[in-house]
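Coordinates as given in work.txt (compact mmCIF, C-alpha atoms):
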```txt
# COMPACT_ATOMS: atom_id res chain seq x y z
CA MET A 1 72.58 102.59 43.96
CA ASN A 2 73.11 99.02 45.08
CA GLN A 3 74.79 98.18 48.37
CA TRP A 4 77.98 96.88 46.80
CA GLN A 5 78.60 100.23 45.07
CA ASN A 6 77.65 101.96 48.29
CA PHE A 7 80.33 99.94 50.07
CA THR A 8 83.12 100.28 47.51
CA LYS A 9 82.75 103.97 46.68
CA GLY A 10 84.92 104.92 49.67
CA PHE A 11 88.00 103.16 48.33
CA ILE A 12 88.79 104.89 45.04
CA LYS A 13 85.91 106.91 43.59
CA ASP A 14 84.97 108.89 46.71
CA ASN A 15 88.00 108.17 48.85
CA PRO A 16 87.69 110.44 51.91
CA VAL A 17 91.33 111.51 51.92
CA PHE A 18 92.40 111.50 48.28
CA VAL A 19 89.20 112.74 46.65
CA LEU A 20 86.91 114.35 49.23
CA LEU A 21 89.85 115.85 51.18
CA LEU A 22 88.23 115.11 54.54
CA GLY A 23 90.01 114.10 57.71
CA LEU A 24 93.35 115.43 56.56
CA CYS A 25 94.70 116.30 60.01
CA PRO A 26 95.02 112.70 61.23
CA ALA A 27 95.95 111.60 57.70
CA LEU A 28 99.04 113.80 57.87
CA GLY A 29 99.67 113.67 61.58
CA VAL A 30 99.81 109.98 62.44
CA THR A 31 101.07 108.35 59.25
CA THR A 32 104.75 108.14 60.19
CA SER A 33 104.42 104.38 59.75
CA ALA A 34 101.95 102.04 58.07
CA ILE A 35 100.83 100.47 61.33
CA ASN A 36 100.03 103.84 62.93
CA GLY A 37 97.98 104.79 59.89
CA MET A 38 96.10 101.53 60.08
CA GLY A 39 95.39 101.87 63.81
CA MET A 40 94.07 105.39 63.35
CA GLY A 41 92.00 104.30 60.35
CA LEU A 42 90.38 101.41 62.24
CA ALA A 43 89.64 103.60 65.27
CA THR A 44 87.96 106.13 62.97
CA THR A 45 86.07 103.33 61.19
CA PHE A 46 84.61 102.15 64.49
CA VAL A 47 83.46 105.66 65.40
CA LEU A 48 82.08 106.21 61.92
CA VAL A 49 80.05 102.97 61.83
CA MET A 50 78.69 103.44 65.34
CA SER A 51 77.80 107.12 64.88
CA ASN A 52 76.16 106.39 61.51
CA THR A 53 74.15 103.60 63.15
CA VAL A 54 72.92 105.72 66.03
CA VAL A 55 72.23 108.78 63.90
CA THR A 56 70.17 106.81 61.40
CA LEU A 57 68.17 105.13 64.18
CA ILE A 58 67.24 108.31 66.01
CA LYS A 59 67.11 110.73 63.08
CA SER A 60 63.35 111.12 63.28
CA PHE A 61 63.48 112.20 66.96
CA ILE A 62 66.08 114.95 66.52
CA PRO A 63 64.70 118.40 65.73
CA ALA A 64 66.42 119.80 62.65
CA LYS A 65 67.70 122.88 64.48
CA VAL A 66 69.80 121.03 67.05
CA ARG A 67 70.90 118.14 64.83
CA ILE A 68 74.56 119.19 64.55
CA PRO A 69 75.12 119.47 68.33
CA SER A 70 73.31 116.15 68.81
CA PHE A 71 75.52 114.48 66.22
CA ILE A 72 78.60 115.89 67.94
CA VAL A 73 77.53 114.47 71.30
CA ILE A 74 76.90 111.04 69.76
CA ILE A 75 80.30 111.09 68.03
CA ALA A 76 82.08 112.34 71.16
CA SER A 77 80.63 109.46 73.23
CA PHE A 78 82.03 106.86 70.82
CA VAL A 79 85.36 108.65 70.66
CA THR A 80 85.55 108.49 74.46
CA ILE A 81 84.88 104.73 74.27
CA VAL A 82 87.68 104.29 71.72
CA GLU A 83 89.99 106.44 73.85
CA LEU A 84 89.40 104.38 77.01
CA VAL A 85 89.56 100.99 75.28
CA MET A 86 92.77 101.88 73.44
CA GLN A 87 94.38 103.28 76.59
CA GLY A 88 93.55 100.04 78.37
CA PHE A 89 94.42 97.44 75.76
CA LEU A 90 96.79 99.10 73.26
CA PRO A 91 98.80 101.57 75.37
CA ALA A 92 101.73 101.67 72.91
CA LEU A 93 99.52 102.66 69.96
CA PHE A 94 97.62 105.11 72.17
CA GLU A 95 100.93 106.77 73.04
CA GLN A 96 101.87 107.02 69.34
CA LEU A 97 98.57 108.46 68.15
CA GLY A 98 98.34 110.77 71.16
CA LEU A 99 96.38 113.93 70.56
CA PHE A 100 94.74 112.62 67.39
CA ILE A 101 92.51 110.12 69.21
CA PRO A 102 90.36 112.77 70.97
CA LEU A 103 90.51 114.77 67.74
CA ILE A 104 88.47 112.10 65.92
CA VAL A 105 85.55 114.15 67.30
CA VAL A 106 86.33 117.03 64.97
CA ASN A 107 87.24 114.83 62.02
CA CYS A 108 85.07 116.36 59.30
CA LEU A 109 84.65 112.92 57.74
CA VAL A 110 82.64 111.54 60.68
CA LEU A 111 80.36 114.55 61.07
CA GLY A 112 80.13 114.85 57.28
CA ARG A 113 78.81 111.29 56.84
CA ALA A 114 76.38 111.68 59.74
CA GLU A 115 74.98 114.88 58.26
CA ALA A 116 75.13 114.05 54.54
CA PHE A 117 74.30 110.35 54.58
CA ALA A 118 73.08 108.77 57.82
CA SER A 119 70.50 111.47 58.56
CA LYS A 120 68.86 110.85 55.18
CA ASN A 121 69.18 107.12 54.54
CA ASN A 122 67.92 103.89 56.06
CA PHE A 123 69.70 101.71 58.60
CA VAL A 124 71.39 99.18 56.29
CA SER A 125 72.72 101.74 53.81
CA SER A 126 74.04 103.92 56.62
CA VAL A 127 75.96 101.09 58.27
CA ILE A 128 77.41 99.99 54.94
CA ASP A 129 78.28 103.59 54.06
CA GLY A 130 80.06 104.02 57.40
CA LEU A 131 81.97 100.77 56.95
CA GLY A 132 82.95 101.54 53.34
CA MET A 133 84.01 105.11 54.06
CA GLY A 134 85.88 104.03 57.19
CA LEU A 135 87.76 101.28 55.39
CA GLY A 136 88.50 103.67 52.52
CA PHE A 137 89.95 106.06 55.10
CA THR A 138 91.96 103.19 56.62
CA PHE A 139 93.21 102.25 53.15
CA ALA A 140 94.32 105.84 52.47
CA LEU A 141 96.09 106.19 55.83
CA THR A 142 97.79 102.81 55.54
CA LEU A 143 98.95 103.61 52.00
CA LEU A 144 100.29 107.02 53.01
CA GLY A 145 101.92 105.49 56.10
CA ALA A 146 103.49 102.73 54.01
CA VAL A 147 104.89 105.20 51.45
CA ARG A 148 106.35 107.38 54.20
CA GLU A 149 107.75 104.38 56.06
CA ILE A 150 109.36 102.86 52.95
CA LEU A 151 110.94 106.15 51.84
CA GLY A 152 111.69 107.45 55.30
CA SER A 153 113.09 104.46 57.14
CA GLY A 154 113.38 101.69 54.55
CA ALA A 155 110.88 99.48 56.32
CA ILE A 156 107.28 98.33 55.96
CA PHE A 157 105.04 97.43 58.91
CA GLY A 158 108.15 97.56 61.06
CA TRP A 159 110.06 95.04 58.88
CA ASP A 160 113.43 96.51 57.85
CA PHE A 161 114.39 95.57 54.32
CA VAL A 162 117.00 98.24 53.72
CA GLN A 163 120.09 98.54 55.86
CA GLY A 164 120.81 101.98 57.30
CA ASP A 165 118.63 105.06 57.25
CA GLY A 166 116.16 106.24 54.62
CA MET A 167 115.27 109.78 53.66
CA LEU A 168 114.46 111.11 57.09
CA VAL A 169 112.44 113.99 55.65
CA PHE A 170 109.56 111.64 54.81
CA VAL A 171 109.11 110.66 58.44
CA LEU A 172 109.18 114.32 59.49
CA ALA A 173 106.42 116.84 58.88
CA PRO A 174 107.34 118.12 55.37
CA GLY A 175 107.39 114.60 53.92
CA ALA A 176 103.77 114.10 54.95
CA PHE A 177 102.61 117.01 52.80
CA ILE A 178 104.77 116.08 49.83
CA ALA A 179 103.85 112.37 49.89
CA LEU A 180 100.13 113.15 50.18
CA GLY A 181 100.37 115.70 47.34
CA TYR A 182 101.84 113.11 44.97
CA LEU A 183 99.39 110.40 46.08
CA ILE A 184 96.47 112.74 45.34
CA ALA A 185 97.94 113.48 41.92
CA ILE A 186 98.18 109.75 41.18
CA MET A 187 94.62 109.18 42.40
CA ASN A 188 93.35 112.01 40.18
CA LYS A 189 94.95 110.27 37.24
CA PHE A 190 93.24 106.98 38.19
CA ASN A 191 89.84 108.53 38.64
CA LYS A 192 89.93 110.31 35.30
CA ALA A 193 90.94 107.22 33.35
CA MET B 1 111.16 134.21 80.13
CA GLU B 2 108.78 131.26 80.43
CA TYR B 3 106.31 133.12 78.24
CA ILE B 4 108.87 133.93 75.57
CA ILE B 5 109.78 130.26 75.26
CA ILE B 6 106.10 129.33 74.93
CA ILE B 7 105.57 131.98 72.26
CA ILE B 8 108.64 131.13 70.15
CA SER B 9 108.01 127.42 70.34
CA ALA B 10 104.30 127.70 69.46
CA ILE B 11 104.79 130.07 66.52
CA PHE B 12 107.93 128.73 64.89
CA VAL B 13 109.26 125.45 66.28
CA ASN B 14 106.01 123.53 66.75
CA ASN B 15 103.91 125.51 64.30
CA ILE B 16 100.36 124.33 64.74
CA VAL B 17 99.73 123.72 61.03
CA LEU B 18 103.12 122.84 59.62
CA ALA B 19 104.52 120.74 62.46
CA ARG B 20 101.51 119.58 64.49
CA PHE B 21 99.10 119.12 61.55
CA LEU B 22 96.12 120.76 63.24
CA GLY B 23 93.68 122.91 61.32
CA ILE B 24 94.58 121.53 57.90
CA CYS B 25 91.00 121.84 56.61
CA PRO B 26 90.77 125.64 56.95
CA PHE B 27 94.43 125.84 55.95
CA LEU B 28 93.55 124.33 52.57
CA GLY B 29 89.98 125.59 52.38
CA VAL B 30 90.37 129.33 52.80
CA SER B 31 93.94 129.81 51.63
CA GLY B 32 92.97 130.60 48.05
CA LYS B 33 93.01 134.35 48.69
CA VAL B 34 95.06 136.50 51.06
CA SER B 35 92.03 138.55 52.21
CA THR B 36 89.98 135.53 53.36
CA SER B 37 92.97 134.03 55.11
CA ILE B 38 93.35 137.21 57.20
CA GLY B 39 89.67 137.00 58.22
CA MET B 40 90.02 133.34 59.14
CA SER B 41 93.15 133.95 61.23
CA GLY B 42 91.35 136.70 63.14
CA GLY B 43 88.43 134.41 63.88
CA VAL B 44 90.72 131.60 65.01
CA MET B 45 92.60 133.88 67.39
CA PHE B 46 89.37 135.18 68.91
CA VAL B 47 87.74 131.78 69.44
CA MET B 48 90.92 129.94 70.39
CA THR B 49 91.75 132.35 73.21
CA ILE B 50 88.23 132.33 74.67
CA ALA B 51 87.91 128.57 74.27
CA THR B 52 91.19 127.96 76.07
CA ILE B 53 90.18 130.18 79.00
CA VAL B 54 86.77 128.52 79.37
CA THR B 55 88.03 124.94 78.98
CA TRP B 56 90.86 125.65 81.45
CA LEU B 57 88.38 126.83 84.06
CA ILE B 58 86.14 123.80 83.46
CA GLN B 59 89.05 121.37 83.60
CA ASN B 60 90.50 122.75 86.82
CA TYR B 61 87.35 123.66 88.74
CA ILE B 62 84.89 120.98 87.60
CA LEU B 63 86.51 117.97 85.94
CA ILE B 64 89.57 117.51 88.18
CA PRO B 65 87.87 118.12 91.59
CA PHE B 66 85.16 115.59 90.71
CA SER B 67 87.62 113.14 89.00
CA LEU B 68 85.76 113.32 85.71
CA GLU B 69 88.83 113.69 83.48
CA PHE B 70 87.62 110.91 81.19
CA LEU B 71 84.79 113.20 80.09
CA GLN B 72 87.31 115.74 78.77
CA THR B 73 86.72 115.14 75.06
CA ILE B 74 82.94 115.25 75.24
CA THR B 75 82.87 118.29 77.55
CA PHE B 76 85.38 120.31 75.58
CA ILE B 77 83.71 119.81 72.23
CA LEU B 78 80.31 120.73 73.66
CA VAL B 79 81.76 123.82 75.31
CA ILE B 80 83.49 124.88 72.13
CA ALA B 81 80.39 124.29 70.00
CA SER B 82 78.16 126.35 72.29
CA LEU B 83 80.86 128.97 72.75
CA VAL B 84 81.12 129.51 69.02
CA GLN B 85 77.36 129.94 68.82
CA MET B 86 77.39 132.38 71.74
CA VAL B 87 80.27 134.43 70.37
CA GLU B 88 78.44 134.68 67.08
CA ILE B 89 75.23 135.97 68.72
CA MET B 90 77.08 138.39 71.00
CA LEU B 91 79.29 139.74 68.27
CA LYS B 92 76.27 140.42 66.10
CA LYS B 93 74.79 142.68 68.83
CA VAL B 94 77.92 144.20 70.38
CA SER B 95 80.16 144.85 67.43
CA PRO B 96 78.55 144.64 63.99
CA PRO B 97 81.76 145.65 62.12
CA LEU B 98 83.72 142.81 63.76
CA TYR B 99 80.83 140.46 63.00
CA GLN B 100 80.94 141.59 59.39
CA ALA B 101 84.63 140.76 59.23
CA LEU B 102 84.60 137.41 61.07
CA GLY B 103 80.98 136.28 60.79
CA ILE B 104 81.22 133.78 57.97
CA TYR B 105 84.26 132.08 59.51
CA LEU B 106 82.72 131.48 62.92
CA PRO B 107 80.52 128.45 62.10
CA LEU B 108 83.61 126.72 60.70
CA MET B 109 85.36 126.95 64.06
CA THR B 110 83.51 124.07 65.71
CA THR B 111 85.06 121.50 63.40
CA ASN B 112 88.43 123.22 63.31
CA CYS B 113 90.60 120.71 65.12
CA ALA B 114 93.12 123.44 65.99
CA ILE B 115 90.71 124.89 68.59
CA LEU B 116 90.07 121.60 70.39
CA GLY B 117 93.69 120.57 69.87
CA VAL B 118 95.08 123.67 71.59
CA ALA B 119 92.61 123.28 74.47
CA ILE B 120 93.70 119.66 75.02
CA LEU B 121 97.41 120.50 74.61
CA THR B 122 97.07 123.24 77.24
CA MET B 123 95.72 120.67 79.71
CA GLN B 124 98.36 118.08 78.77
CA ASN B 125 101.16 120.56 79.37
CA ASP B 126 99.71 121.57 82.76
CA TYR B 127 99.86 125.26 81.95
CA THR B 128 98.57 127.87 84.37
CA LEU B 129 95.69 130.01 83.13
CA MET B 130 98.04 132.81 82.07
CA GLU B 131 100.40 130.43 80.28
CA GLY B 132 97.40 128.84 78.59
CA VAL B 133 96.23 132.20 77.27
CA VAL B 134 99.71 133.05 75.97
CA PHE B 135 99.94 129.57 74.41
CA ALA B 136 96.56 130.00 72.67
CA ILE B 137 97.41 133.46 71.31
CA ALA B 138 100.84 132.31 70.12
CA ASN B 139 99.33 129.30 68.37
CA ALA B 140 96.76 131.51 66.69
CA ILE B 141 99.58 133.79 65.48
CA GLY B 142 101.42 130.72 64.20
CA PHE B 143 98.28 129.63 62.37
CA GLY B 144 97.91 133.12 60.91
CA ILE B 145 101.50 133.27 59.72
CA ALA B 146 101.31 129.84 58.08
CA LEU B 147 97.98 130.66 56.46
CA LEU B 148 99.15 134.05 55.19
CA LEU B 149 102.39 132.67 53.72
CA PHE B 150 100.57 129.75 52.15
CA SER B 151 97.80 131.86 50.61
CA SER B 152 100.39 134.22 49.09
CA ILE B 153 102.14 131.20 47.57
CA ARG B 154 98.86 129.83 46.24
CA GLU B 155 97.96 133.12 44.60
CA HIS B 156 101.23 132.84 42.69
CA LEU B 157 100.71 129.16 41.90
CA ASP B 158 97.50 130.01 40.06
CA LEU B 159 99.50 131.94 37.49
CA LEU B 160 102.08 129.25 36.85
CA ASP B 161 102.12 126.50 34.27
CA VAL B 162 101.70 123.42 36.46
CA PRO B 163 101.65 119.92 34.91
CA GLU B 164 98.05 118.81 34.42
CA GLY B 165 97.91 116.04 37.01
CA MET B 166 99.42 118.24 39.71
CA ARG B 167 97.08 121.20 39.27
CA GLY B 168 95.07 122.40 42.26
CA VAL B 169 95.35 120.45 45.47
CA PRO B 170 98.41 118.24 44.77
CA ILE B 171 100.74 121.15 43.99
CA ALA B 172 99.35 123.02 46.99
CA PHE B 173 100.35 120.11 49.22
CA VAL B 174 103.85 119.99 47.76
CA ALA B 175 104.16 123.75 48.33
CA ALA B 176 102.98 123.26 51.93
CA GLY B 177 105.63 120.57 52.32
CA ILE B 178 108.35 122.95 51.20
CA LEU B 179 106.99 125.60 53.57
CA ALA B 180 107.12 123.03 56.39
CA LEU B 181 110.69 122.26 55.38
CA ALA B 182 111.52 125.96 55.77
CA PHE B 183 109.89 126.03 59.21
CA MET B 184 112.04 123.08 60.27
CA GLY B 185 114.94 125.49 60.13
CA PHE B 186 113.60 126.97 63.37
CA ALA B 187 113.96 123.65 65.19
CA GLY B 188 117.20 124.70 66.85
CA LEU B 189 115.56 127.68 68.54
CA ALA B 190 113.82 125.75 71.30
```

Can you turn what I pasted into structure tokens?
Amino acid sequence: MNQWQNFTKGFIKDNPVFVLLLGLCPALGVTTSAINGMGMGLATTFVLVMSNTVVTLIKSFIPAKVRIPSFIVIIASFVTIVELVMQGFLPALFEQLGLFIPLIVVNCLVLGRAEAFASKNNFVSSVIDGLGMGLGFTFALTLLGAVREILGSGAIFGWDFVQGDGMLVFVLAPGAFIALGYLIAIMNKFNKA
Amino acid sequence: MEYIIIIISAIFVNNIVLARFLGICPFLGVSGKVSTSIGMSGGVMFVMTIATIVTWLIQNYILIPFSLEFLQTITFILVIASLVQMVEIMLKKVSPPLYQALGIYLPLMTTNCAILGVAILTMQNDYTLMEGVVFAIANAIGFGIALLLFSSIREHLDLLDVPEGMRGVPIAFVAAGILALAFMGFAGLA
């Protein structure tokens, strides 16, 4: 597989949210608006790239039996970095994302890529895989956030183009499930064709 | 009275799966059959309660006295991961029948964000140890109720004639959305 395919597979073919169904908790929890989805996606991308990098560099030193706990510690360190940086420089976004920032630790996508890809492949492929998967995740979250924002409040990236309220249900919890269900159905259609 | 409010709000108003979006992976993963969803709920209740007690003690007797709160994420996940391993080993020795029933669900607990999420929420809400325990048990019951309802719905969905593109996961999500809509009816209770 060449590196370009390795990079682009995260967007449509193996999209973490729509196809692999990984990292669904933040995907549903924070996507009340497009910008929140994007912020969460980029934070996860950073953690994913950094954890893939470290895991691939030290994979030969980690005994197989304790690899999962070691991966978790590596991931948790980067999540703590993201948490502190975001709290310091983007307090408004940090407030919005709230609980889901520390929960990047248990995002199955990050651990999944470390275990399934970075621990078996070389440095360059692992970094590209992390970047591609992370941006695919960002794409999915931004798309879901945009759909919910357009339907729920008649706005996109905070820009109001419809006067008055939208369908409030899409900003609330049930709308997240319904919007994601239909997006997955559309993606299935795309991937089959 | 305090406890009753915590229980009602954790089970119905802020249901951990349908309103807080925690534990979606097991919610989708094991909800195919009613029997597995009962096993999973039992495991979650067991681990969630123990994890909340242990993380509460660590937070209040180690992290806060030494001003190490910024290490919360990394400490909690390590504690939960080792706790799950320990519970598994102990259960195997102490109570084989319980291990039989919950065993296969235990390894999944480490990456279940509901466990870590409830531990962090307990600290954020400044609960006392007793309130934290009640909060954890109530959340586990809420998880169990959501999972049980959802798996019963999915068993019925399998028998229905669903349009081709919507089969499987998409229709399950739409069903979960409608279930969440029903749970919103409880919003006035708190």

What lies within 9 Å of segment 104-106 of chain A using only C-alpha atoms, ignoring chain neighbours under 4 positions off, as an MDAnalysis selection string? (chainID A and resid 23 26 43:44 47 72:73 75:76 78:79 100 110:111) or (chainID B and resid 73:74 77 110:113 116)

Given the point (98.1, 121.9, 61.8) in the file's coordinates, find the residues that have an atom at most 10 Å from it, counting all atoms listed in the file, and give them as a PyMOL selection string. (chain A and resi 24-26+28-29) or (chain B and resi 14-27+112-114+117+139+142-143+146)

Which distance in Å separates atom CA of Lys59 of chain A and atom CA of Phe71 of chain A, to one decimal?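 Separation between atom CA of Lys59 of chain A and atom CA of Phe71 of chain A: 9.7 Å.
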
Just the number, please: distance in Å from atom CA of Val94 of chain B to atom CA of Gly43 of chain B, one decimal.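 Taking atom CA of Val94 of chain B as the start and atom CA of Gly43 of chain B as the end point, the length is 15.8 Å.
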
Select all residues from chain A having any atom no more than 10 Å from an atom of chain B (counting only C-alpha atoms, ignoring ligands), output as a VMD selection string. chain A and resid 18 to 19 21 to 30 68 to 70 72 to 81 83 to 84 99 to 108 111 169 172 to 189 192

Distance atom CA of Ala64 of chain A-atom CA of Val79 of chain B, one decimal place? 20.3 Å

Each side padded by 5 Å, which centre and which edge lengths in Å (one decimal) define the axis-aligned box around the listed atoms of segment 102-112 of chain A? Give them as JSON.
```
{"center_x": 85.3, "center_y": 114.3, "center_z": 64.1, "size_x": 20.4, "size_y": 15.5, "size_z": 23.7}
```

Around the point (90.3, 121.9, 84.7) (coordinates from the file), which residues reach within 12 Å if we count only C-alpha atoms? Answer as a PyMOL selection string. chain B and resi 52-72+75-76+119-120+122-124+126-129+132

Counting only C-alpha atoms, which residue out of A:Leu168, A:Val55, A:Ile62, A:Met40 sits closest to Phe94 of chain A?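 Comparing A:Leu168, A:Val55, A:Ile62, A:Met40 against Phe94 of chain A, the winner is A:Met40.
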
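In this comparison, which uses only C-alpha atoms, the residue of B:Ala187, B:Val162, B:Ala136, B:Ile145 approaching Met48 of chain B most closely is B:Ala136.
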
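Among A:Leu20, A:Gly152, A:Arg67, A:Leu90, the residue with the shortest atom-to-atom distance to Glu115 of chain A, counting all atoms listed in the file, is A:Arg67.
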
Would you mind listing what lies within 9 Å of Leu42 of chain A as a ChimeraX atom specification, with all atoms listed in the file counted and same-chain residues fewer than 2 positions away left out? /A:37-40,44-47,134-135,137-138

Within 8 Å of segment 154-161 of chain B, counting all atoms listed in the file, which residues show up once you throw out same-chain ones fewer than 2 positions away? Write them as a ChimeraX atom specification, please. /B:31-34,150-152,163,172

Fewer than 5 positions away in the same chain doesn't count, so skip those; otherwise give me all residues within 6 Å of segment 146-150 of chain A, counting all atoms listed in the file, as a list in words. Ser33, Ala34, Ala155, Ile156 and Phe170 of chain A
